[in-house]
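Okay, so here's the structure we're looking at.
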Amino acid sequence: MDDVRAGVTDLDRAIAETLDVDVSPDFLARVRQRIANEPAPAPFWSGWRIALPIAAAAAVAIAIVGVAALSTRGPSAPPLLASRPLLSGSLPLADVRSAAVRRAAEPQTRSHSVDGVTVLATTTTEPDVLVPREEIDMYRRLIAQAQSVPGVTVVDAPEDRVLAGLISEITIDPIKIELIVPPVGGEGERK
Amino acid sequence: MNVRAWAQPLPIVTSGDDLERDFETRLAESSRLAFRVAYGVLRHREDAEDVAQEAFAKAYRAFSSLRDRGRFRVWLVRTTWRLAIDRYRANRRRAAHEQAVEAPPDPAVYPDVESRDRHVHLWAAIDELPEPLRIVTVLAAIEGHDLKEVSRLLDVPEGTIKWRLFTARKRLQEKLRWMTSEQA
């Protein structure tokens, strides 16, 4: 055990002796000389002094780009047909929508009491259509341009008829092809 | 030198002049430590001074962003150690490339052959230690550092330092015994 301790002590002493070397007297002067050539260390807030104007400039640039992008898009086309609630029972249309979309479009009946009389209010809301907004805008622009062409008349279904349910379901009868019979009689007369 | 004095944090200063003054104080009190850490790796005075100088230049550049100035010496020891290891590896690569033989120890320091051989064997054994054991061995041998101070300088628990030092010494003894017996 004593041998081990003696060995450790010798070892430590040997290492310490090897490392017991003093720095040159001119070392500090050389370090100072080198540091003198370095730019002065900036205080800790100097980083913020640079970063803040950069951040502000970036924010202004982003705002300018955003405004420019909005202005180049031009005035948005006026809505041609405003979405309107559909009363239940009107316009039986072929329903090809998915079940989830159909469920969302189901009329929701709410009842509330007014002066003791229960009123059933039925509202129908159109479900959100999963069509890209750009595509919708594109179609709107197309329709607006088509309307602005002179000589073109766009006929929309009269709203009062739609509401009153006057327009019934379109049914197409089977086409009957009749035999062509040569006309009898004078010109212009037709069977 | 009172080795505990450096652990006391200096007051936090902000202006450029105060920063310069603060750094000058740190430089004066830590120059020998940085040099000896570098010398512990390189065992070459000029190289060690170059590395210590580089470490101080680096410290100067980063000084303003060093939040806890009380940890300056920790930072300096680590930086110096890393720079010294880099230099040591570069020197070895260059030596291998040039097929040069490593410079023998200074005959003025080791007058007799026996002490010179001992020195060569000792440092060959230290160089073969894994880095965590090696730095502990060097730091414990300089500036009269005890376990607590080495632990503080490396930011490693004291128990870990104790274990590393014990392992390093054991390995060195074994290696030196083997080297000496082989030489004999």
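Ligands are numbered from 1 in the order shown, residues from 1 within each chain, and chains are lettered A, B, ... in the order they appear in the structure tokens.
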
Excluding region 126-139 of chain B and residues on its chain fewer than 6 positions from it, collect all residues at most 6 Å away from it, counting only C-alpha atoms, and give them as a PyMOL selection string. chain B and resi 40+164+168

Could you please tell me, as an MDAnalysis selection string, which residues of chain B have an atom within 6 Å of chain A when using only C-alpha atoms? chainID B and resid 14 53 57 61 64:65 141

Any chance you could list, as a PDB file with C-alpha atoms, in the first residue's frame, the residues in region 29-183 of chain B that come up helix (DSSP H, G or I) when DSSP is run on the backbone?
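As written to disk, selection19.pdb reads:
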ATOM      1  CA  GLU B  29      -4.918  36.431 -13.459  1.00  0.00           C
ATOM      2  CA  SER B  30      -5.484  33.601 -15.948  1.00  0.00           C
ATOM      3  CA  SER B  31      -2.581  33.841 -18.385  1.00  0.00           C
ATOM      4  CA  ARG B  32      -0.450  31.276 -16.552  1.00  0.00           C
ATOM      5  CA  LEU B  33      -3.363  28.846 -16.283  1.00  0.00           C
ATOM      6  CA  ALA B  34      -4.061  29.011 -20.008  1.00  0.00           C
ATOM      7  CA  PHE B  35      -0.395  28.603 -20.847  1.00  0.00           C
ATOM      8  CA  ARG B  36       0.023  25.587 -18.558  1.00  0.00           C
ATOM      9  CA  VAL B  37      -3.096  23.880 -19.849  1.00  0.00           C
ATOM     10  CA  ALA B  38      -1.752  24.262 -23.364  1.00  0.00           C
ATOM     11  CA  TYR B  39       1.717  23.175 -22.263  1.00  0.00           C
ATOM     12  CA  GLY B  40       0.215  20.082 -20.624  1.00  0.00           C
ATOM     13  CA  VAL B  41      -0.926  18.970 -24.061  1.00  0.00           C
ATOM     14  CA  LEU B  42       1.862  20.258 -26.276  1.00  0.00           C
ATOM     15  CA  ARG B  45       6.737  26.442 -24.976  1.00  0.00           C
ATOM     16  CA  GLU B  46       6.244  28.396 -28.194  1.00  0.00           C
ATOM     17  CA  ASP B  47       3.319  26.294 -29.324  1.00  0.00           C
ATOM     18  CA  ALA B  48       1.718  26.540 -25.888  1.00  0.00           C
ATOM     19  CA  GLU B  49       2.104  30.305 -25.867  1.00  0.00           C
ATOM     20  CA  ASP B  50       0.627  30.552 -29.336  1.00  0.00           C
ATOM     21  CA  VAL B  51      -2.360  28.490 -28.283  1.00  0.00           C
ATOM     22  CA  ALA B  52      -2.859  30.458 -25.064  1.00  0.00           C
ATOM     23  CA  GLN B  53      -2.673  33.683 -27.034  1.00  0.00           C
ATOM     24  CA  GLU B  54      -5.255  32.411 -29.483  1.00  0.00           C
ATOM     25  CA  ALA B  55      -7.509  31.376 -26.620  1.00  0.00           C
ATOM     26  CA  PHE B  56      -7.307  34.865 -25.120  1.00  0.00           C
ATOM     27  CA  ALA B  57      -8.053  36.481 -28.471  1.00  0.00           C
ATOM     28  CA  LYS B  58     -11.095  34.246 -28.762  1.00  0.00           C
ATOM     29  CA  ALA B  59     -12.091  35.072 -25.201  1.00  0.00           C
ATOM     30  CA  TYR B  60     -11.777  38.774 -25.958  1.00  0.00           C
ATOM     31  CA  ARG B  61     -14.105  38.484 -28.922  1.00  0.00           C
ATOM     32  CA  ALA B  62     -16.693  36.571 -26.917  1.00  0.00           C
ATOM     33  CA  PHE B  63     -16.219  38.428 -23.655  1.00  0.00           C
ATOM     34  CA  SER B  64     -19.165  40.793 -24.029  1.00  0.00           C
ATOM     35  CA  SER B  65     -21.552  37.920 -24.617  1.00  0.00           C
ATOM     36  CA  ARG B  69     -18.140  36.281 -15.927  1.00  0.00           C
ATOM     37  CA  GLY B  70     -17.456  34.097 -12.904  1.00  0.00           C
ATOM     38  CA  ARG B  71     -17.194  31.195 -15.355  1.00  0.00           C
ATOM     39  CA  PHE B  72     -14.521  32.887 -17.416  1.00  0.00           C
ATOM     40  CA  ARG B  73     -11.802  30.490 -16.273  1.00  0.00           C
ATOM     41  CA  VAL B  74     -13.991  27.470 -16.993  1.00  0.00           C
ATOM     42  CA  TRP B  75     -14.551  28.776 -20.477  1.00  0.00           C
ATOM     43  CA  LEU B  76     -10.863  29.606 -20.909  1.00  0.00           C
ATOM     44  CA  VAL B  77      -9.665  26.166 -19.777  1.00  0.00           C
ATOM     45  CA  ARG B  78     -12.015  24.395 -22.150  1.00  0.00           C
ATOM     46  CA  THR B  79     -11.168  26.628 -25.081  1.00  0.00           C
ATOM     47  CA  THR B  80      -7.437  26.368 -24.467  1.00  0.00           C
ATOM     48  CA  TRP B  81      -7.657  22.599 -24.108  1.00  0.00           C
ATOM     49  CA  ARG B  82      -9.525  22.204 -27.356  1.00  0.00           C
ATOM     50  CA  LEU B  83      -7.194  24.534 -29.234  1.00  0.00           C
ATOM     51  CA  ALA B  84      -4.175  22.715 -27.807  1.00  0.00           C
ATOM     52  CA  ILE B  85      -5.551  19.312 -28.778  1.00  0.00           C
ATOM     53  CA  ASP B  86      -6.187  20.616 -32.290  1.00  0.00           C
ATOM     54  CA  ARG B  87      -2.652  21.940 -32.490  1.00  0.00           C
ATOM     55  CA  TYR B  88      -1.245  18.689 -31.098  1.00  0.00           C
ATOM     56  CA  ARG B  89      -3.073  16.641 -33.722  1.00  0.00           C
ATOM     57  CA  ALA B  90      -2.034  19.021 -36.483  1.00  0.00           C
ATOM     58  CA  ASN B  91       1.589  18.774 -35.319  1.00  0.00           C
ATOM     59  CA  ARG B  92       1.412  14.998 -35.334  1.00  0.00           C
ATOM     60  CA  ARG B  93      -0.112  14.927 -38.780  1.00  0.00           C
ATOM     61  CA  ARG B  94       2.555  17.284 -40.048  1.00  0.00           C
ATOM     62  CA  ALA B  95       5.296  15.224 -38.405  1.00  0.00           C
ATOM     63  CA  ALA B  96       3.914  12.058 -39.933  1.00  0.00           C
ATOM     64  CA  HIS B  97       3.679  13.753 -43.297  1.00  0.00           C
ATOM     65  CA  GLU B  98       7.229  15.038 -43.166  1.00  0.00           C
ATOM     66  CA  VAL B 113      19.602  10.227 -19.797  1.00  0.00           C
ATOM     67  CA  GLU B 114      17.590   8.464 -17.130  1.00  0.00           C
ATOM     68  CA  SER B 115      15.415  11.433 -16.230  1.00  0.00           C
ATOM     69  CA  ARG B 116      14.940  12.241 -19.873  1.00  0.00           C
ATOM     70  CA  ASP B 117      13.762   8.706 -20.629  1.00  0.00           C
ATOM     71  CA  ARG B 118      11.459   8.846 -17.674  1.00  0.00           C
ATOM     72  CA  HIS B 119       9.979  12.059 -18.972  1.00  0.00           C
ATOM     73  CA  VAL B 120       9.491  10.584 -22.426  1.00  0.00           C
ATOM     74  CA  HIS B 121       7.761   7.497 -21.039  1.00  0.00           C
ATOM     75  CA  LEU B 122       5.595   9.465 -18.673  1.00  0.00           C
ATOM     76  CA  TRP B 123       4.238  11.754 -21.371  1.00  0.00           C
ATOM     77  CA  ALA B 124       3.834   8.954 -23.844  1.00  0.00           C
ATOM     78  CA  ALA B 125       1.648   7.244 -21.242  1.00  0.00           C
ATOM     79  CA  ILE B 126      -0.310  10.439 -20.511  1.00  0.00           C
ATOM     80  CA  ASP B 127      -0.877  11.046 -24.221  1.00  0.00           C
ATOM     81  CA  GLU B 131      -9.218  12.740 -23.068  1.00  0.00           C
ATOM     82  CA  PRO B 132     -11.376  13.043 -19.912  1.00  0.00           C
ATOM     83  CA  LEU B 133      -8.671  11.315 -17.860  1.00  0.00           C
ATOM     84  CA  ARG B 134      -5.932  13.272 -19.511  1.00  0.00           C
ATOM     85  CA  ILE B 135      -7.340  16.719 -18.809  1.00  0.00           C
ATOM     86  CA  VAL B 136      -8.000  15.811 -15.194  1.00  0.00           C
ATOM     87  CA  THR B 137      -4.401  14.625 -14.815  1.00  0.00           C
ATOM     88  CA  VAL B 138      -3.033  17.844 -16.264  1.00  0.00           C
ATOM     89  CA  LEU B 139      -5.327  20.167 -14.330  1.00  0.00           C
ATOM     90  CA  ALA B 140      -4.649  18.395 -11.058  1.00  0.00           C
ATOM     91  CA  ALA B 141      -0.922  18.814 -11.610  1.00  0.00           C
ATOM     92  CA  LEU B 147     -10.312  18.111  -6.592  1.00  0.00           C
ATOM     93  CA  LYS B 148     -12.795  20.878  -5.931  1.00  0.00           C
ATOM     94  CA  GLU B 149     -11.038  23.320  -8.207  1.00  0.00           C
ATOM     95  CA  VAL B 150     -10.616  20.797 -10.995  1.00  0.00           C
ATOM     96  CA  SER B 151     -14.296  19.956 -10.626  1.00  0.00           C
ATOM     97  CA  ARG B 152     -15.178  23.635 -10.889  1.00  0.00           C
ATOM     98  CA  LEU B 153     -12.915  24.210 -13.880  1.00  0.00           C
ATOM     99  CA  LEU B 154     -14.368  21.301 -15.798  1.00  0.00           C
ATOM    100  CA  GLU B 158     -16.275  16.231  -7.692  1.00  0.00           C
ATOM    101  CA  GLY B 159     -16.940  12.496  -7.366  1.00  0.00           C
ATOM    102  CA  THR B 160     -16.462  12.050 -11.093  1.00  0.00           C
ATOM    103  CA  ILE B 161     -13.183  13.957 -10.971  1.00  0.00           C
ATOM    104  CA  LYS B 162     -12.008  11.793  -8.099  1.00  0.00           C
ATOM    105  CA  TRP B 163     -12.818   8.617 -10.007  1.00  0.00           C
ATOM    106  CA  ARG B 164     -11.188   9.892 -13.188  1.00  0.00           C
ATOM    107  CA  LEU B 165      -8.026  10.897 -11.358  1.00  0.00           C
ATOM    108  CA  PHE B 166      -7.829   7.538  -9.615  1.00  0.00           C
ATOM    109  CA  THR B 167      -8.322   5.669 -12.902  1.00  0.00           C
ATOM    110  CA  ALA B 168      -5.774   7.851 -14.687  1.00  0.00           C
ATOM    111  CA  ARG B 169      -3.136   7.292 -12.032  1.00  0.00           C
ATOM    112  CA  LYS B 170      -3.749   3.570 -11.992  1.00  0.00           C
ATOM    113  CA  ARG B 171      -3.416   3.323 -15.759  1.00  0.00           C
ATOM    114  CA  LEU B 172      -0.314   5.474 -15.778  1.00  0.00           C
ATOM    115  CA  GLN B 173       1.348   3.338 -13.131  1.00  0.00           C
ATOM    116  CA  GLU B 174       0.579   0.162 -15.012  1.00  0.00           C
ATOM    117  CA  LYS B 175       1.765   1.585 -18.267  1.00  0.00           C
ATOM    118  CA  LEU B 176       4.949   3.038 -16.816  1.00  0.00           C
ATOM    119  CA  ARG B 177       5.771  -0.225 -15.055  1.00  0.00           C
ATOM    120  CA  TRP B 178       5.291  -2.069 -18.313  1.00  0.00           C
ATOM    121  CA  MET B 179       7.350   0.457 -20.269  1.00  0.00           C
ATOM    122  CA  THR B 180      10.164   0.427 -17.730  1.00  0.00           C
ATOM    123  CA  SER B 181      10.245  -3.361 -17.503  1.00  0.00           C
ATOM    124  CA  GLU B 182      10.197  -3.657 -21.294  1.00  0.00           C
ATOM    125  CA  GLN B 183      13.055  -1.205 -21.582  1.00  0.00           C
TER     126      GLN B 183
END

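Between CA of Pro25 (chain A) and CA of Arg26 (chain B) there is a distance of 17.1 Å.
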
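Taking CA of Asp146 (chain B) as the reference point, CA of Arg67 (chain B) is found at 26.3 Å.
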
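You will find CA of Ala69 (chain A) at 19.6 Å from CA of Arg140 (chain A).
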